[in-house]
$ cat run25.txt   # compact mmCIF, C-alpha atoms
# COMPACT_ATOMS: atom_id res chain seq x y z
CA MET A 1 10.61 -16.52 -10.98
CA LYS A 2 7.16 -17.40 -12.27
CA TYR A 3 4.79 -15.50 -14.52
CA CYS A 4 1.07 -14.92 -14.28
CA LYS A 5 -0.66 -17.36 -16.61
CA ASN A 6 -2.90 -14.62 -17.93
CA CYS A 7 -0.62 -11.57 -18.32
CA LEU A 8 3.17 -11.12 -18.29
CA MET A 9 3.66 -9.93 -14.73
CA PRO A 10 6.19 -12.00 -12.75
CA ASP A 11 5.96 -12.90 -9.07
CA THR A 12 9.13 -10.87 -8.45
CA ARG A 13 7.02 -7.69 -8.42
CA PRO A 14 7.01 -6.58 -4.76
CA GLY A 15 3.68 -7.24 -3.07
CA LEU A 16 2.05 -9.00 -6.04
CA LYS A 17 0.14 -12.15 -5.06
CA PHE A 18 -1.06 -15.08 -7.15
CA ASN A 19 -4.01 -17.41 -6.65
CA GLU A 20 -3.76 -21.21 -6.72
CA GLU A 21 -4.32 -21.24 -10.49
CA GLY A 22 -1.30 -19.00 -11.06
CA ILE A 23 -3.25 -15.83 -11.91
CA CYS A 24 -1.95 -12.57 -10.43
CA TYR A 25 -4.18 -10.39 -8.28
CA ALA A 26 -3.89 -7.52 -10.78
CA CYS A 27 -5.65 -9.68 -13.38
CA LEU A 28 -8.16 -10.97 -10.82
CA HIS A 29 -9.02 -7.44 -9.72
CA HIS A 30 -9.48 -6.35 -13.32
CA GLU A 31 -11.84 -9.26 -13.98
CA ASN A 32 -13.74 -8.63 -10.74
CA GLN A 33 -14.45 -5.08 -11.85
CA LYS A 34 -16.51 -6.42 -14.73
CA ASN A 35 -19.13 -7.29 -12.11
CA THR A 36 -19.03 -3.81 -10.57
CA ASN A 37 -22.18 -1.72 -10.83
CA TRP A 38 -20.49 1.36 -12.27
CA ASP A 39 -23.76 3.30 -12.50
CA GLU A 40 -24.12 2.88 -8.76
CA ARG A 41 -20.49 3.91 -8.17
CA TRP A 42 -20.98 7.02 -10.33
CA LYS A 43 -24.00 7.94 -8.25
CA GLU A 44 -21.83 7.63 -5.14
CA LEU A 45 -19.36 10.03 -6.73
CA GLU A 46 -22.13 12.47 -7.62
CA ASN A 47 -23.36 12.37 -4.03
CA LEU A 48 -19.85 13.02 -2.75
CA CYS A 49 -19.48 16.02 -5.05
CA ASP A 50 -22.93 17.30 -4.05
CA LYS A 51 -21.69 17.33 -0.47
CA TYR A 52 -18.79 19.68 -1.29
CA ARG A 53 -19.87 21.59 -4.40
CA GLY A 54 -19.88 25.31 -3.60
CA CYS A 55 -18.93 24.67 0.04
CA ASN A 56 -16.43 27.54 -0.08
CA GLY A 57 -18.59 30.00 -1.99
CA ASN A 58 -16.69 31.15 -5.06
CA GLN A 59 -13.47 29.54 -3.82
CA TYR A 60 -12.22 26.07 -4.70
CA ASP A 61 -14.50 23.26 -3.54
CA CYS A 62 -12.00 20.48 -4.26
CA ALA A 63 -8.50 19.81 -5.56
CA ILE A 64 -7.01 17.36 -8.05
CA ALA A 65 -3.45 16.04 -7.80
CA VAL A 66 -2.08 16.27 -11.35
CA SER A 67 1.11 15.86 -13.31
CA GLY A 68 -0.24 17.05 -16.66
CA GLY A 69 -0.43 13.58 -18.19
CA LYS A 70 -3.26 11.67 -19.84
CA ASP A 71 -4.79 10.64 -16.51
CA SER A 72 -4.64 14.24 -15.26
CA HIS A 73 -6.62 15.32 -18.33
CA TYR A 74 -9.15 12.56 -17.78
CA GLN A 75 -9.54 13.42 -14.09
CA THR A 76 -9.99 17.12 -14.77
CA TYR A 77 -12.51 16.39 -17.51
CA LEU A 78 -14.58 14.27 -15.11
CA ILE A 79 -14.43 16.67 -12.16
CA LYS A 80 -14.75 20.01 -13.96
CA GLU A 81 -16.77 19.16 -17.08
CA LYS A 82 -19.04 16.32 -15.98
CA LEU A 83 -19.42 16.93 -12.25
CA LYS A 84 -19.31 20.74 -12.42
CA MET A 85 -16.88 21.18 -9.54
CA ASN A 86 -14.49 24.11 -9.12
CA PRO A 87 -11.12 22.36 -8.62
CA LEU A 88 -7.68 23.68 -7.84
CA LEU A 89 -5.07 21.61 -9.67
CA LEU A 90 -2.05 20.78 -7.51
CA SER A 91 1.22 19.56 -8.99
CA SER A 92 4.86 19.13 -8.14
CA GLY A 93 7.08 20.40 -10.94
CA ASN A 94 9.77 18.40 -12.68
CA PHE A 95 13.46 19.15 -12.33
CA ASP A 96 13.90 18.59 -16.07
CA TRP A 97 10.76 18.90 -18.19
CA THR A 98 10.18 17.62 -21.68
CA GLU A 99 8.68 20.34 -23.87
CA THR A 100 5.65 18.09 -24.37
CA GLY A 101 5.20 17.75 -20.61
CA ARG A 102 5.22 21.51 -20.12
CA LYS A 103 2.68 22.02 -22.89
CA ASN A 104 0.40 19.34 -21.48
CA LEU A 105 0.38 20.92 -18.02
CA ASP A 106 -0.40 24.32 -19.55
CA ASN A 107 -3.11 22.70 -21.65
CA LEU A 108 -4.97 21.59 -18.51
CA SER A 109 -5.42 25.22 -17.55
CA ASP A 110 -6.17 26.46 -21.08
CA THR A 111 -8.67 23.74 -21.93
CA PHE A 112 -10.55 23.32 -18.67
CA GLY A 113 -10.15 26.82 -17.22
CA CYS A 114 -8.53 25.69 -13.97
CA ASP A 115 -6.01 27.38 -11.71
CA ILE A 116 -2.85 25.33 -11.21
CA MET A 117 -0.56 25.59 -8.19
CA VAL A 118 2.83 24.05 -8.96
CA PHE A 119 5.47 23.37 -6.32
CA GLU A 120 8.90 23.93 -7.88
CA PRO A 121 11.36 21.61 -6.12
CA ASN A 122 14.61 22.91 -4.69
CA ARG A 123 17.01 22.02 -7.52
CA ARG A 124 20.04 21.60 -5.28
CA VAL A 125 18.11 19.25 -3.01
CA ALA A 126 16.66 17.42 -6.02
CA ARG A 127 20.13 16.93 -7.50
CA ILE A 128 21.40 15.48 -4.22
CA MET A 129 18.34 13.31 -3.66
CA LEU A 130 18.15 11.80 -7.15
CA LYS A 131 21.73 10.61 -6.91
CA LYS A 132 21.39 9.57 -3.27
CA ALA A 133 18.20 7.57 -3.87
CA PHE A 134 19.71 5.93 -6.96
CA LYS A 135 22.78 4.90 -5.00
CA GLU A 136 21.19 3.91 -1.68
CA ILE A 137 17.79 2.39 -2.52
CA GLY A 138 17.81 1.97 -6.31
CA SER A 139 14.75 4.25 -6.67
CA PRO A 140 16.11 7.53 -8.08
CA SER A 141 12.74 9.33 -8.24
CA TRP A 142 11.96 8.88 -4.52
CA TYR A 143 12.08 12.65 -3.95
CA PRO A 144 9.80 13.80 -6.82
CA ASP A 145 7.38 10.95 -6.09
CA ALA A 146 7.27 11.89 -2.41
CA LEU A 147 6.51 15.50 -3.35
CA LEU A 148 3.72 14.45 -5.70
CA TYR A 149 2.09 12.57 -2.81
CA SER A 150 2.73 15.12 -0.04
CA PHE A 151 2.30 18.52 -1.66
CA PRO A 152 -1.40 18.17 -2.65
CA VAL A 153 -2.32 16.87 0.81
CA LYS A 154 -0.41 19.62 2.63
CA MET A 155 -1.87 22.37 0.44
CA CYS A 156 -5.42 21.12 0.90
CA MET A 157 -4.92 21.13 4.66
CA LYS A 158 -3.42 24.63 4.52
CA LEU A 159 -6.12 26.09 2.23
CA GLY A 160 -9.05 24.41 3.95
CA ILE A 161 -10.00 22.31 0.92
CA LYS A 162 -11.83 19.19 2.14
CA LEU A 163 -11.94 17.00 -0.99
CA LEU A 164 -8.84 15.82 -2.88
CA PHE A 165 -8.92 13.59 -5.96
CA TYR A 166 -6.19 11.18 -7.02
CA GLY A 167 -6.49 8.98 -10.10
CA GLU A 168 -5.52 5.35 -9.83
CA ASP A 169 -5.19 3.09 -6.80
CA ILE A 170 -1.88 1.48 -7.74
CA ASN A 171 -2.03 -1.13 -4.97
CA TYR A 172 -5.41 -2.43 -6.10
CA THR A 173 -4.83 -2.15 -9.85
CA TYR A 174 -1.36 -3.70 -9.96
CA GLY A 175 -1.06 -5.54 -6.67
CA GLY A 176 0.46 -4.49 -3.36
CA GLU A 177 0.19 -4.72 0.40
CA PHE A 178 -2.90 -2.48 0.68
CA ASP A 179 -4.83 -4.09 -2.17
CA SER A 180 -8.40 -4.03 -0.86
CA GLU A 181 -10.66 -1.98 -3.12
CA THR A 182 -11.51 1.29 -1.39
CA PRO A 183 -12.33 4.85 -2.44
CA SER A 184 -10.05 6.30 0.25
CA ALA A 185 -6.53 7.36 -0.73
CA ILE A 186 -5.47 8.06 2.83
CA PHE A 187 -2.89 5.24 2.76
CA GLN A 188 -1.54 6.10 -0.68
CA SER A 189 1.89 6.88 0.74
CA LYS A 190 2.11 3.25 1.90
CA ASN A 191 1.97 1.77 -1.62
CA ASP A 192 5.78 1.26 -1.87
CA VAL A 193 6.26 3.86 -4.62
CA VAL A 194 7.71 6.11 -1.92
CA LYS A 195 9.66 3.66 0.19
CA PRO A 196 9.51 4.28 3.98
CA VAL A 197 13.17 5.14 4.44
CA TRP A 198 12.80 8.68 5.80
CA ASP A 199 15.36 8.48 8.63
CA ASN A 200 18.01 6.92 6.36
CA TRP A 201 18.50 10.13 4.35
CA PHE A 202 20.04 12.08 7.22
CA LYS A 203 22.67 9.68 8.52
CA ASP A 204 25.54 11.17 6.46
CA ASN A 205 24.53 14.80 7.17
CA VAL A 206 24.41 15.64 3.45
CA ILE A 207 20.75 16.60 3.60
CA THR A 208 18.61 17.86 6.47
CA GLU A 209 15.04 17.14 7.52
CA LYS A 210 14.25 20.82 7.07
CA GLU A 211 15.29 20.60 3.40
CA LEU A 212 13.03 17.58 2.84
CA ALA A 213 10.11 18.81 4.94
CA MET A 214 7.73 19.32 2.00
CA ALA A 215 8.30 15.73 0.87
CA LYS A 216 7.02 14.22 4.11
CA GLN A 217 3.33 13.39 3.83
CA PRO A 218 1.18 13.95 6.92
CA GLU A 219 0.28 10.80 8.80
CA PRO A 220 -3.24 9.36 8.29
CA GLU A 221 -4.23 10.60 11.75
CA GLU A 222 -3.31 14.18 10.81
CA ILE A 223 -5.25 13.94 7.56
CA LYS A 224 -8.32 12.63 9.36
CA ALA A 225 -8.06 15.38 11.96
CA SER A 226 -8.15 18.01 9.18
CA ASN A 227 -11.37 16.46 7.80
CA LEU A 228 -9.76 16.05 4.39
CA GLU A 229 -11.27 13.32 2.21
CA SER A 230 -8.72 12.08 -0.32
CA ILE A 231 -10.16 9.60 -2.80
CA TYR A 232 -9.27 7.52 -5.85
CA LEU A 233 -11.33 8.23 -8.95
CA SER A 234 -10.53 4.70 -10.14
CA TYR A 235 -12.94 3.41 -7.48
CA PHE A 236 -15.84 5.26 -9.08
CA VAL A 237 -15.13 4.86 -12.82
CA PRO A 238 -13.58 1.96 -14.77
CA TRP A 239 -9.92 2.89 -15.14
CA ASN A 240 -8.37 2.12 -18.53
CA SER A 241 -5.11 3.76 -19.56
CA VAL A 242 -5.84 3.51 -23.28
CA HIS A 243 -9.33 4.97 -22.88
CA ASN A 244 -7.98 7.76 -20.67
CA TYR A 245 -5.44 8.61 -23.37
CA GLN A 246 -8.14 8.65 -26.06
CA VAL A 247 -10.27 11.02 -23.98
CA ALA A 248 -7.25 13.21 -23.17
CA THR A 249 -6.38 13.67 -26.86
CA LYS A 250 -9.85 15.12 -27.45
CA PHE A 251 -8.89 17.90 -25.07
CA GLY A 252 -5.45 18.67 -26.53
CA PHE A 253 -3.14 16.22 -24.73
CA GLN A 254 -0.04 15.44 -26.81
CA HIS A 255 2.03 12.26 -26.79
CA LEU A 256 5.83 12.39 -26.71
CA GLY A 257 6.33 11.03 -30.23
CA HIS A 258 6.59 14.53 -31.74
CA GLU A 259 9.57 15.28 -29.50
CA TYR A 260 11.35 12.06 -28.55
CA ASP A 261 11.26 8.35 -29.41
CA ARG A 262 11.75 6.37 -26.21
CA GLU A 263 13.58 3.07 -26.13
CA GLY A 264 12.17 0.32 -23.94
CA SER A 265 8.54 1.49 -23.92
CA ILE A 266 5.61 0.20 -25.94
CA ASP A 267 3.57 3.41 -25.80
CA ASN A 268 4.56 7.07 -26.14
CA TYR A 269 1.94 8.66 -23.88
CA ASP A 270 2.61 7.38 -20.35
CA GLN A 271 5.16 9.01 -18.00
CA ILE A 272 6.33 11.51 -20.60
CA ASP A 273 6.89 14.66 -18.50
CA SER A 274 10.59 14.14 -17.74
CA LEU A 275 13.27 11.93 -19.30
CA PRO A 276 15.46 11.57 -16.16
CA TYR A 277 12.38 10.36 -14.26
CA LEU A 278 12.22 7.33 -16.58
CA LEU A 279 15.30 5.85 -14.95
CA ASN A 280 13.08 4.95 -11.99
CA PRO A 281 10.69 2.58 -13.82
CA TYR A 282 13.67 1.05 -15.65
CA MET A 283 15.22 0.12 -12.29
CA LYS A 284 12.58 -2.57 -11.86
CA TYR A 285 14.38 -4.53 -14.58
CA PRO A 286 17.75 -5.23 -12.88
CA LYS A 287 16.05 -5.71 -9.51
CA PHE A 288 12.94 -7.70 -10.46
CA GLY A 289 13.35 -8.74 -14.12
CA HIS A 290 10.54 -6.62 -15.53
CA SER A 291 10.09 -3.00 -16.49
CA VAL A 292 7.89 -0.60 -18.46
CA ALA A 293 7.25 -2.89 -21.43
CA THR A 294 5.96 -5.60 -19.07
CA ASP A 295 3.64 -3.05 -17.45
CA ASN A 296 2.41 -1.86 -20.85
CA ALA A 297 1.94 -5.35 -22.22
CA SER A 298 0.14 -6.67 -19.16
CA ARG A 299 -2.36 -3.82 -19.31
CA LEU A 300 -3.06 -4.47 -22.99
CA ILE A 301 -3.57 -8.18 -22.26
CA ARG A 302 -6.03 -7.41 -19.45
CA TYR A 303 -7.89 -5.01 -21.72
CA LYS A 304 -8.20 -7.85 -24.29
CA MET A 305 -6.46 -5.65 -26.85
CA LYS A 306 -3.51 -8.02 -27.28
CA SER A 307 -2.83 -11.66 -26.52
CA ARG A 308 -0.14 -12.94 -24.18
CA ASN A 309 1.67 -14.67 -27.04
CA GLU A 310 1.63 -11.51 -29.14
CA MET A 311 3.27 -9.49 -26.39
CA ILE A 312 6.04 -11.91 -25.35
CA PRO A 313 8.44 -11.06 -28.22
CA ILE A 314 7.76 -7.34 -27.81
CA VAL A 315 8.57 -7.47 -24.10
CA GLU A 316 11.70 -9.54 -24.87
CA GLU A 317 12.83 -6.85 -27.31
CA LYS A 318 12.07 -3.76 -25.24
CA ASP A 319 11.99 -4.44 -21.51
CA GLY A 320 15.71 -4.55 -20.84
CA LYS A 321 16.59 -1.51 -22.99
CA LEU A 322 18.07 1.36 -21.02
CA ASP A 323 17.30 4.50 -23.00
CA GLN A 324 20.54 6.37 -23.70
CA GLY A 325 18.73 9.71 -23.65
CA VAL A 326 17.46 8.94 -20.15
CA VAL A 327 20.99 8.16 -18.98
CA GLU A 328 22.30 11.33 -20.61
CA LYS A 329 19.69 13.57 -18.99
CA PHE A 330 19.99 11.89 -15.58
CA CYS A 331 23.77 12.24 -15.51
CA GLU A 332 23.56 15.82 -16.75
CA PHE A 333 21.18 16.83 -13.96
CA THR A 334 22.95 14.97 -11.13
CA LYS A 335 26.40 15.92 -12.45
CA MET A 336 27.39 12.28 -12.39
CA SER A 337 29.89 10.71 -14.78
CA LYS A 338 28.71 7.85 -16.99
CA ARG A 339 31.28 5.60 -15.37
CA GLU A 340 29.93 6.32 -11.89
CA PHE A 341 26.39 5.87 -13.17
CA PHE A 342 27.03 2.37 -14.50
CA GLU A 343 29.02 1.38 -11.43
CA ILE A 344 25.98 2.22 -9.28
CA LEU A 345 23.57 0.54 -11.70
CA ASP A 346 25.71 -2.58 -11.69
CA LYS A 347 25.16 -3.21 -7.98
CA TRP A 348 21.37 -3.35 -8.40
CA TYR A 349 21.34 -6.42 -10.64
CA ASN A 350 19.77 -9.40 -8.94
CA PRO A 351 22.14 -12.39 -9.34
CA GLU A 352 19.18 -14.77 -9.01
CA LEU A 353 17.76 -13.32 -12.23
CA PHE A 354 20.91 -12.24 -14.09
CA GLU A 355 24.44 -13.51 -14.63
CA LYS A 356 27.48 -11.39 -15.48
CA ASP A 357 29.90 -12.31 -18.26
CA SER A 358 33.66 -11.76 -18.21
CA ASP A 359 33.27 -8.21 -19.53
CA GLY A 360 30.80 -7.21 -16.86
CA ILE A 361 27.64 -7.44 -18.99
CA TRP A 362 24.54 -8.85 -17.31
CA HIS A 363 22.37 -11.43 -19.09
CA PRO A 364 18.93 -12.66 -17.99
CA LYS A 365 18.61 -16.20 -16.65
CA PHE A 366 14.87 -16.10 -17.25
CA LYS A 367 12.66 -16.39 -20.32
CA VAL A 368 9.81 -13.88 -20.65
CA GLY A 369 6.50 -15.57 -20.02
CA ILE A 370 8.16 -18.71 -18.64
CA GLY A 371 10.51 -17.58 -15.86
CA THR A 372 13.49 -19.39 -14.36
CA LYS A 373 13.90 -23.10 -13.94
$ encode --input "run25.txt" --output "structure tokens"
Amino acid sequence: MKYCKNCLMPDTRPGLKFNEEGICYACLHHENQKNTNWDERWKELENLCDKYRGCNGNQYDCAIAVSGGKDSHYQTYLIKEKLKMNPLLLSSGNFDWTETGRKNLDNLSDTFGCDIMVFEPNRRVARIMLKKAFKEIGSPSWYPDALLYSFPVKMCMKLGIKLLFYGEDINYTYGGEFDSETPSAIFQSKNDVVKPVWDNWFKDNVITEKELAMAKQPEPEEIKASNLESIYLSYFVPWNSVHNYQVATKFGFQHLGHEYDREGSIDNYDQIDSLPYLLNPYMKYPKFGHSVATDNASRLIRYKMKSRNEMIPIVEEKDGKLDQGVVEKFCEFTKMSKREFFEILDKWYNPELFEKDSDGIWHPKFKVGIGTK
């Protein structure tokens, strides 16, 4: 295990590459964007919107995939307020909302005057899938993530909407297999957030393909055939999580601090819609030795808001903390006992990065910022 010499991202992150100087591609991409002509990119976005604005008369001329978070507010502000489009907001609902998350989603409609179409997941299927994905692939939010990718695309195809906006290109921003900078989001489903394990879910006959049909995103060929353009806004505007949050607060977005104090996270405004969902980002820690605090810290380092040395002790303190409220809510929804939960979690620890003591407690073999010997 080795760390980027600029930020605190380790090479255990799936798909992340490093150059010969030991700098990760996420940092390199961020630096490269300083040479981007953003005025020219904005003009490209204006031209794209000109092509579709009013194309359906008084009906929607585009759609935005939203969750209700800070980035959703920023996206809607850009598309509705600055570019004068008439968007339909498309979202997949949570199986267990925070009160703050619900208010933020409502605020999008109140503040920007947009219609929102929310897909409410089948709760029985969600309960089965969260437990199944936790147990079988160590990614408990596979089902809600798959819905968030598939539902907006399917609805645009069904409603005849030809322009769909997503926010951030995760592969380019943080490193991944498809990490070439591009405005097109047509391969978003290939970014490893939704692992390609579709056929595996049906082997034990607990769930059927019919029950998961909405979670299966159309193939790129189908999307192209429908003439749907799905794009990343992060290609056209400099994407900065802190700036997006600051803009979102001007339009009524609320952080989670008024409702809940999360363990293991540096900020209180990212991924705040559902507590059980937060088990998923935590799972990077036993598998890869880094979690939410590493993500937060690395962003702040790239933004030049904090130094690497400043963030090391904070990541050491927070990254391995499993929030007890998250465990409580996850077990409550899946109807899983705490004992079963920790037995499943135990099998996901990577013995190359962790060692277990005589009482079954795992301890890191690595040092944050340095790695393993």
$ residues_around --input "run25.txt" --residues "Glu136 of chain A" --least-positions-apart "2" --cutoff "10 Å" --atoms "all atoms listed in the file" --output "number ranges by chain"
A: 131-134, 138-140, 200-201, 344, 348
$ atom_distance --input "run25.txt" --atom1 "atom CA of Leu130 of chain A" --atom2 "atom CA of Asn280 of chain A"
9.8 Å
$ closest_residue --input "run25.txt" --among "A:Gly113, A:Pro276, A:Glu229, A:Ala215" --to "Cys331 of chain A" --atoms "only C-alpha atoms"
A:Pro276
$ closest_residue --input "run25.txt" --among "A:Tyr25, A:Phe112, A:Phe330, A:Tyr277" --to "Glu81 of chain A" --atoms "only C-alpha atoms"
A:Phe112
$ residues_around --input "run25.txt" --residues "Thr249 of chain A" --least-positions-apart "2" --cutoff "12 Å" --atoms "only C-alpha atoms" --output "list in words"
Gly69, Lys70, Asp71, Ser72, His73, Tyr74, Tyr77, Asn104, Asn107, Leu108, Thr111, Val242, His243, Asn244, Tyr245, Gln246, Val247, Phe251, Gly252, Phe253, Gln254, His255 and Tyr269 of chain A
$ write_last_selection --input "run25.txt" --atoms "C-alpha atoms" --output "PDB file, in the coordinates of the input"
ATOM      1  CA  GLY A  69      -0.430  13.580 -18.190  1.00  0.00           C
ATOM      2  CA  LYS A  70      -3.260  11.670 -19.840  1.00  0.00           C
ATOM      3  CA  ASP A  71      -4.790  10.640 -16.510  1.00  0.00           C
ATOM      4  CA  SER A  72      -4.640  14.240 -15.260  1.00  0.00           C
ATOM      5  CA  HIS A  73      -6.620  15.320 -18.330  1.00  0.00           C
ATOM      6  CA  TYR A  74      -9.150  12.560 -17.780  1.00  0.00           C
ATOM      7  CA  TYR A  77     -12.510  16.390 -17.510  1.00  0.00           C
ATOM      8  CA  ASN A 104       0.400  19.340 -21.480  1.00  0.00           C
ATOM      9  CA  ASN A 107      -3.110  22.700 -21.650  1.00  0.00           C
ATOM     10  CA  LEU A 108      -4.970  21.590 -18.510  1.00  0.00           C
ATOM     11  CA  THR A 111      -8.670  23.740 -21.930  1.00  0.00           C
ATOM     12  CA  VAL A 242      -5.840   3.510 -23.280  1.00  0.00           C
ATOM     13  CA  HIS A 243      -9.330   4.970 -22.880  1.00  0.00           C
ATOM     14  CA  ASN A 244      -7.980   7.760 -20.670  1.00  0.00           C
ATOM     15  CA  TYR A 245      -5.440   8.610 -23.370  1.00  0.00           C
ATOM     16  CA  GLN A 246      -8.140   8.650 -26.060  1.00  0.00           C
ATOM     17  CA  VAL A 247     -10.270  11.020 -23.980  1.00  0.00           C
ATOM     18  CA  PHE A 251      -8.890  17.900 -25.070  1.00  0.00           C
ATOM     19  CA  GLY A 252      -5.450  18.670 -26.530  1.00  0.00           C
ATOM     20  CA  PHE A 253      -3.140  16.220 -24.730  1.00  0.00           C
ATOM     21  CA  GLN A 254      -0.040  15.440 -26.810  1.00  0.00           C
ATOM     22  CA  HIS A 255       2.030  12.260 -26.790  1.00  0.00           C
ATOM     23  CA  TYR A 269       1.940   8.660 -23.880  1.00  0.00           C
TER      24      TYR A 269
END
$ residues_near_point --input "run25.txt" --point "(10.2, 14.0, -1.8)" --cutoff "12 Å" --atoms "all atoms listed in the file" --output "count of residues only"
45
$ atom_distance --input "run25.txt" --atom1 "atom CA of Glu259 of chain A" --atom2 "atom CA of Thr100 of chain A"
7.0 Å
$ closest_residue --input "run25.txt" --among "A:Glu328, A:Asp346, A:Asp273, A:Asp110" --to "Trp97 of chain A" --atoms "only C-alpha atoms"
A:Asp273
$ residues_around --input "run25.txt" --residues "Gly320 of chain A" --least-positions-apart "5" --cutoff "9 Å" --atoms "all atoms listed in the file" --output "PDB file with C-alpha atoms, keeping the file's coordinate frame"
ATOM      1  CA  GLY A 264      12.170   0.320 -23.940  1.00  0.00           C
ATOM      2  CA  TYR A 282      13.670   1.050 -15.650  1.00  0.00           C
ATOM      3  CA  TYR A 285      14.380  -4.530 -14.580  1.00  0.00           C
ATOM      4  CA  PRO A 286      17.750  -5.230 -12.880  1.00  0.00           C
ATOM      5  CA  GLY A 289      13.350  -8.740 -14.120  1.00  0.00           C
ATOM      6  CA  HIS A 290      10.540  -6.620 -15.530  1.00  0.00           C
ATOM      7  CA  SER A 291      10.090  -3.000 -16.490  1.00  0.00           C
ATOM      8  CA  ALA A 293       7.250  -2.890 -21.430  1.00  0.00           C
ATOM      9  CA  VAL A 315       8.570  -7.470 -24.100  1.00  0.00           C
TER      10      VAL A 315
END
